[in-house]
Amino acid sequence: MRVIGTAGHVDHGKSTLVAALTGINPDRLKEEKEREMTIDLGFAWMDLPSGETVGIVDVPGHRDFIENMLAGVGGIDAVLFVIAADEGIMPQTREHLAILDLLEIPAGVVALTKIDMIDDPEWLDLVESDCRAVLGGTVLQNASILRVSARKGIGLNELRAALDACLETQPQRPDHGRPRLPIDRVFSITGFGTIVTGTLMDGIFKVGDDVEILPAGIKTRIRGLQTHKQKENSALPGSRVAANITSVETTQIRRGDTLAIPGMYKPTRMLDAGVRLLGDASTPLEHGSEVKFFSGTSEVIARVRVLGKESILPGEEGYIQVELDQELVAARGDHFILRRPSPGETLGGGRVIDPQPRGRYKRFSQPDLDRLETLQKGSPGDNLLQTLNSLGAVHLSELANKAGIPIPLAFDLLGSPDLAEGFLVLKGEANSLRGDPILIGRPTWTALSQKAAALLGEYHLAFPLRLGMPKEEFRGKLKLSSNEGQLFILRWQADGLVADHGKTISLASHQVELNSNQKKSAATLLQKFNDPQSAPPSVKECQQEVGEEVYAVLVSQGELVQLNPEVVISSKVFMLWHQATIDFLKTNEKITVAEFRDTLQTSRKFALAFLEDLDAKGITRREGDYRVLNRGD
């Protein structure tokens, strides 16, 4: 299913030609019919000689409506470029041609219209020669030029055949498994509700699909689908689609919004791009320039950050970061056009390189410029690894989506020997890409591992008696989410880099050792826990005697067992009490705090603290005033 778009100067007969080819008047607005001039996008369809049905998007040619034209040509497979024989090349002819060139429209046919108004064959030859000269060096330089008259029906069959032959050379739109419909029209029909239309990209929509309207994130569902006024259960990539959606008012949607499967796309306010300025642009593209940014059906005011140079001169190429005033949906490889807001002028255009950059780059950062060049000009495999290294840990499906590569192709590329050494599988089947594993680029992993090792090493130097750094502090300094932290620590532990102590983490090589004075004071403290004539010291008293860090070492090494913030006992006493409690409960089934106190000849404070510790460890559980063994003990 393909779509043809018209282009050309105002009053060169685009709509008249579409009507003659299809039998459908694309001018749907009352004002358009009264003025006999296309103002907004029009739509029609026709059957080609091969039997293929194609959609047609008819765009306005008047310079005042150039921005409406841009909303219509972004999703076309070929162009029907219209030049009137009585006027030849005109200003909007050139501007439309420049736009088609920037959008890299892959194919087209030129219709030399209104030949019935020309009596001199030599004039037609002259106009055609002039057209060929202007088309030279553009996407239409090899396009067929056909002489037609829409009003008299001259050359229409030949034009249909030429369009058919043109489309035969073009592949069908790919199914990347992530459908999106850039919305070009919104209306309602009584009894049906809200309808949105557009050219479907990157995947298939089905009746009943849950979808969302971006960037607002409005959840809805597809109630019905039509292509060329025919009901369909599913719509294919590249087709003109009308989607009837539920529970949404037309006032909540505008041209430029995108209908997509929830979670597939994330709106953006910034993107990286490669841009080419038109050779006849009146001024350079300066850093900080305000522009109008057009992509798909979206039109947004934006500010441009020029990267790697002070400005981009007419005819030059360069890299930019585009800061958008409003969110829109974009994907890698999407074409765009830049226009000056006032006075209106098409400046240039290009392709989106990264729709979700990590943030503002330093304008002259060579590593960032190198990365953008690789993403723009590198192979799909290079782009995949570059994208992976910019994302951190990510599921394969999300990586493919961000890289603008179909998941099956990403799977194949990552499975090749050339790319296998460029990444690690952090979660999933061992050494496998099956399922949807979590991956990380090897350079990213190496750098992060070095940073983690240095961070822990510095911590151990500063606090040699601490078992490790608190995990929350560790994750925070590495800027890891909770899930990432857990995933990375497991891998580092498996690699022998770190040791996980529950609430803290250390280098695997880290050992806590007391010096001679600390050992002496620790021994003196431990002796107090073996003195039957006096009660053991409290947590606070222990910390005051040997210091908080030496006390923490004694607890971490198992010499002491802290039962609560106040009560601590020796490990020897803990083991004796633990076994005594188990033996008692196996014989008597339950025990009270008072029974424990009397049996072990201790105080109520110690008895209660010990039993509550057993409860916390899951060894016992409380039932009223009693403790009983948990099942399985």
# chains A, B, ... in the order shown; residues from 1 in each chain; ligands from 1
call {"tool": "residues_around", "arguments": {"residues": "A:Ala410", "least_positions_apart": "3", "cutoff": "6 Å", "atoms": "only C-alpha atoms", "output": "list in words"}}
result
Ala400, Ile407 and Leu413 of chain A
call {"tool": "residues_around", "arguments": {"residues": "stretch 262-274 of chain A", "least_positions_apart": "3", "cutoff": "7 Å", "atoms": "only C-alpha atoms", "output": "PyMOL selection string"}}
result
chain A and resi 178+211-212+214-215+318-329+350-357
call {"tool": "residues_around", "arguments": {"residues": "A:Ala454", "least_positions_apart": "2", "cutoff": "12 Å", "atoms": "only C-alpha atoms", "output": "compact mmCIF listing (two decimals) with N, CA and C atoms, in the first residue's frame"}}
result
# COMPACT_ATOMS: atom_id res chain seq x y z
N ALA A 447 33.86 1.27 31.50
CA ALA A 447 34.01 2.58 32.16
C ALA A 447 33.27 2.61 33.49
N LEU A 448 32.06 2.03 33.52
CA LEU A 448 31.27 2.03 34.74
C LEU A 448 31.92 1.14 35.81
N SER A 449 32.48 0.02 35.39
CA SER A 449 33.15 -0.88 36.33
C SER A 449 34.37 -0.20 36.93
N GLN A 450 35.12 0.52 36.11
CA GLN A 450 36.28 1.24 36.62
C GLN A 450 35.87 2.33 37.59
N LYS A 451 34.77 3.00 37.29
CA LYS A 451 34.28 4.04 38.18
C LYS A 451 33.80 3.45 39.50
N ALA A 452 33.13 2.30 39.44
CA ALA A 452 32.65 1.64 40.66
C ALA A 452 33.83 1.20 41.52
N LEU A 456 34.64 2.64 45.32
CA LEU A 456 34.74 1.80 46.51
C LEU A 456 36.15 1.85 47.10
N GLY A 457 37.15 1.93 46.21
CA GLY A 457 38.53 2.03 46.71
C GLY A 457 38.73 3.28 47.54
N GLU A 458 38.20 4.41 47.06
CA GLU A 458 38.30 5.66 47.82
C GLU A 458 37.55 5.56 49.14
N TYR A 459 36.43 4.89 49.12
CA TYR A 459 35.64 4.74 50.35
C TYR A 459 36.42 3.90 51.38
N HIS A 460 37.05 2.83 50.92
CA HIS A 460 37.80 1.96 51.84
C HIS A 460 39.01 2.70 52.42
N LEU A 461 39.64 3.57 51.63
CA LEU A 461 40.75 4.36 52.17
C LEU A 461 40.28 5.32 53.24
N PHE A 474 26.14 4.19 47.16
CA PHE A 474 26.85 3.65 46.00
C PHE A 474 26.06 3.88 44.72
N LYS A 477 25.87 7.69 43.77
CA LYS A 477 27.07 8.30 43.19
C LYS A 477 27.34 7.80 41.79
N LEU A 478 26.87 6.60 41.47
CA LEU A 478 27.01 6.09 40.10
C LEU A 478 25.80 6.45 39.22
N LEU A 497 34.46 -8.62 41.27
CA LEU A 497 34.87 -7.25 41.53
C LEU A 497 34.42 -6.78 42.91
N VAL A 498 33.18 -7.12 43.31
CA VAL A 498 32.62 -6.61 44.55
C VAL A 498 32.12 -7.76 45.43
N SER A 506 31.26 -3.74 49.03
CA SER A 506 32.69 -3.45 49.11
C SER A 506 33.40 -4.08 47.91
N LEU A 507 34.65 -3.69 47.71
CA LEU A 507 35.48 -4.43 46.79
C LEU A 507 35.67 -5.84 47.33
call {"tool": "residues_around", "arguments": {"residues": "A:Leu277", "least_positions_apart": "4", "cutoff": "8 Å", "atoms": "only C-alpha atoms", "output": "list in words"}}
result
Ala281, Pro284, Leu285, Ile312, Leu313, Pro314, Gly315, Glu316, Glu317, Leu347, Gly348 and Gly349 of chain A
call {"tool": "closest_residue", "arguments": {"among": "A:Val306, A:Ala494, A:Ile337, A:Ile261", "to": "A:Ala98", "atoms": "only C-alpha atoms"}}
result
A:Ile337
call {"tool": "residues_around", "arguments": {"residues": "A:Leu600", "least_positions_apart": "2", "cutoff": "10 Å", "atoms": "only C-alpha atoms", "output": "compact mmCIF listing (two decimals) with all heavy atoms, in the first residue's frame"}}
result
# COMPACT_ATOMS: atom_id res chain seq x y z
N LEU A 576 24.11 -19.93 72.46
CA LEU A 576 23.57 -20.72 73.59
C LEU A 576 22.08 -20.47 73.76
O LEU A 576 21.29 -21.41 73.92
CB LEU A 576 24.33 -20.37 74.87
CG LEU A 576 25.78 -20.87 74.97
CD1 LEU A 576 26.47 -20.30 76.22
CD2 LEU A 576 25.80 -22.40 75.04
N TRP A 577 21.69 -19.21 73.71
CA TRP A 577 20.26 -18.87 73.86
C TRP A 577 19.44 -19.41 72.68
O TRP A 577 18.32 -19.86 72.86
CB TRP A 577 20.10 -17.36 73.96
CG TRP A 577 20.53 -16.79 75.29
CD1 TRP A 577 21.10 -17.47 76.32
CD2 TRP A 577 20.44 -15.43 75.69
NE1 TRP A 577 21.37 -16.62 77.38
CE2 TRP A 577 20.97 -15.35 77.01
CE3 TRP A 577 19.97 -14.27 75.10
CZ2 TRP A 577 21.02 -14.14 77.72
CZ3 TRP A 577 20.02 -13.08 75.81
CH2 TRP A 577 20.54 -13.01 77.11
N ALA A 580 19.00 -23.13 73.14
CA ALA A 580 18.12 -23.37 74.29
C ALA A 580 16.66 -23.09 73.94
O ALA A 580 15.75 -23.81 74.35
CB ALA A 580 18.56 -22.51 75.47
N THR A 581 16.43 -22.04 73.16
CA THR A 581 15.06 -21.68 72.76
C THR A 581 14.48 -22.75 71.85
O THR A 581 13.32 -23.16 72.00
CB THR A 581 15.06 -20.31 72.04
OG1 THR A 581 15.66 -19.33 72.90
CG2 THR A 581 13.64 -19.87 71.70
N ALA A 594 8.59 -14.24 79.97
CA ALA A 594 8.93 -14.56 81.37
C ALA A 594 9.57 -15.94 81.47
O ALA A 594 10.55 -16.13 82.22
CB ALA A 594 7.67 -14.48 82.23
N GLU A 595 9.03 -16.90 80.70
CA GLU A 595 9.62 -18.25 80.73
C GLU A 595 11.04 -18.24 80.18
O GLU A 595 11.93 -18.91 80.73
CB GLU A 595 8.74 -19.22 79.93
CG GLU A 595 7.44 -19.57 80.62
CD GLU A 595 6.51 -20.39 79.74
OE1 GLU A 595 6.59 -20.24 78.50
OE2 GLU A 595 5.70 -21.14 80.29
N PHE A 596 11.25 -17.49 79.14
CA PHE A 596 12.60 -17.40 78.59
C PHE A 596 13.54 -16.76 79.61
O PHE A 596 14.66 -17.23 79.84
CB PHE A 596 12.58 -16.57 77.30
CG PHE A 596 13.94 -16.40 76.67
CD1 PHE A 596 14.39 -17.28 75.72
CD2 PHE A 596 14.79 -15.36 77.06
CE1 PHE A 596 15.64 -17.14 75.15
CE2 PHE A 596 16.04 -15.22 76.50
CZ PHE A 596 16.46 -16.11 75.53
N ARG A 597 13.06 -15.67 80.22
CA ARG A 597 13.88 -14.97 81.22
C ARG A 597 14.30 -15.89 82.35
O ARG A 597 15.47 -15.95 82.74
CB ARG A 597 13.07 -13.79 81.79
CG ARG A 597 13.78 -12.99 82.89
CD ARG A 597 12.76 -12.17 83.64
NE ARG A 597 11.79 -13.04 84.31
CZ ARG A 597 10.58 -12.64 84.72
NH1 ARG A 597 10.20 -11.40 84.49
NH2 ARG A 597 9.77 -13.50 85.33
N ASP A 598 13.34 -16.66 82.86
CA ASP A 598 13.64 -17.54 84.00
C ASP A 598 14.51 -18.72 83.58
O ASP A 598 15.40 -19.14 84.33
CB ASP A 598 12.33 -18.05 84.61
CG ASP A 598 11.50 -16.91 85.21
OD1 ASP A 598 12.08 -15.83 85.46
OD2 ASP A 598 10.28 -17.09 85.39
N THR A 602 18.15 -14.44 82.79
CA THR A 602 18.55 -13.12 82.31
C THR A 602 17.46 -12.12 82.68
O THR A 602 16.49 -12.46 83.39
CB THR A 602 18.78 -13.14 80.79
OG1 THR A 602 19.28 -11.88 80.38
CG2 THR A 602 17.51 -13.46 80.00
N SER A 603 17.57 -10.89 82.25
CA SER A 603 16.58 -9.86 82.54
C SER A 603 15.49 -9.85 81.47
O SER A 603 15.68 -10.39 80.37
CB SER A 603 17.25 -8.49 82.61
OG SER A 603 17.68 -8.10 81.31
N ALA A 607 15.65 -10.71 77.44
CA ALA A 607 14.77 -11.77 76.95
C ALA A 607 13.89 -11.26 75.81
O ALA A 607 13.73 -11.90 74.77
CB ALA A 607 13.91 -12.31 78.09
call {"tool": "residues_around", "arguments": {"residues": "A:Ala616", "least_positions_apart": "5", "cutoff": "12 Å", "atoms": "only C-alpha atoms", "output": "short mmCIF file (atom, residue, chain, number, x, y, z; two decimals) with C-alpha atoms, in the first residue's frame"}}
result
data_model
loop_
_atom_site.label_atom_id
_atom_site.label_comp_id
_atom_site.auth_asym_id
_atom_site.auth_seq_id
_atom_site.Cartn_x
_atom_site.Cartn_y
_atom_site.Cartn_z
CA LEU A 563 19.59 -7.32 68.99
CA ASN A 564 18.15 -3.80 68.78
CA ALA A 609 15.15 -8.19 72.70
CA PHE A 610 16.35 -11.72 71.93
CA LEU A 611 12.89 -13.12 71.16
CA ARG A 621 6.62 -15.99 65.39
CA ARG A 622 4.49 -14.33 68.02
CA ASN A 630 7.88 -21.23 62.45
#
call {"tool": "atom_distance", "arguments": {"atom1": "atom CA of A:Glu345", "atom2": "atom CA of A:Val127"}}
result
26.3 Å
call {"tool": "closest_residue", "arguments": {"among": "A:Asn383, A:Thr297, A:Thr346, A:Asn389", "to": "A:Arg358", "atoms": "only C-alpha atoms"}}
result
A:Asn389
call {"tool": "select_by_dssp", "arguments": {"residues": "stretch 321-508 of chain A", "states": "helix (DSSP H, G or I)", "output": "PyMOL selection string"}}
result
chain A and resi 366-377+380-391+396-403+407-414+417-420+442-462+471-478+482-494
call {"tool": "residues_around", "arguments": {"residues": "A:Leu167", "least_positions_apart": "4", "cutoff": "9 Å", "atoms": "only C-alpha atoms", "output": "PyMOL selection string"}}
result
chain A and resi 2+77-78+107-108+162-163+171
call {"tool": "write_last_selection", "arguments": {"atoms": "N, CA and C atoms", "output": "compact mmCIF listing (two decimals), in the first residue's frame"}}
result
# COMPACT_ATOMS: atom_id res chain seq x y z
N ARG A 2 0.80 2.04 -1.05
CA ARG A 2 1.67 3.20 -1.17
C ARG A 2 0.88 4.49 -1.31
N ASP A 77 5.50 7.95 -0.84
CA ASP A 77 6.46 7.04 -1.48
C ASP A 77 6.96 7.58 -2.81
N ALA A 78 6.19 8.44 -3.42
CA ALA A 78 6.58 9.03 -4.71
C ALA A 78 5.82 10.34 -4.87
N ALA A 107 11.22 8.74 -5.35
CA ALA A 107 10.87 8.58 -6.77
C ALA A 107 9.77 9.57 -7.14
N GLY A 108 9.56 9.73 -8.44
CA GLY A 108 8.50 10.62 -8.86
C GLY A 108 8.33 10.66 -10.36
N ALA A 162 3.04 5.48 -16.01
CA ALA A 162 4.34 5.96 -15.54
C ALA A 162 4.41 5.93 -14.01
N LEU A 163 3.31 6.29 -13.36
CA LEU A 163 3.27 6.22 -11.89
C LEU A 163 3.40 4.77 -11.42
N PRO A 171 10.38 -0.25 -2.78
CA PRO A 171 9.95 -1.32 -1.88
C PRO A 171 8.74 -0.91 -1.06
call {"tool": "atom_distance", "arguments": {"atom1": "atom CA of A:Leu375", "atom2": "atom CA of A:Ile405"}}
result
12.3 Å
call {"tool": "closest_residue", "arguments": {"among": "A:Leu433, A:Val567, A:Ile213, A:Leu465", "to": "A:Val539", "atoms": "only C-alpha atoms"}}
result
A:Val567
call {"tool": "select_by_dssp", "arguments": {"residues": "stretch 247-314 of chain A", "states": "strand (DSSP E or B)", "output": "PyMOL selection string"}}
result
chain A and resi 258-260+268-277+285-286+290-295+298-307+311-312
call {"tool": "closest_residue", "arguments": {"among": "A:Met117, A:Val568, A:Leu385, A:Ile245", "to": "A:Ala552", "atoms": "only C-alpha atoms"}}
result
A:Val568
call {"tool": "atom_distance", "arguments": {"atom1": "atom CA of A:Leu135", "atom2": "atom CA of A:Lys152"}}
result
26.8 Å
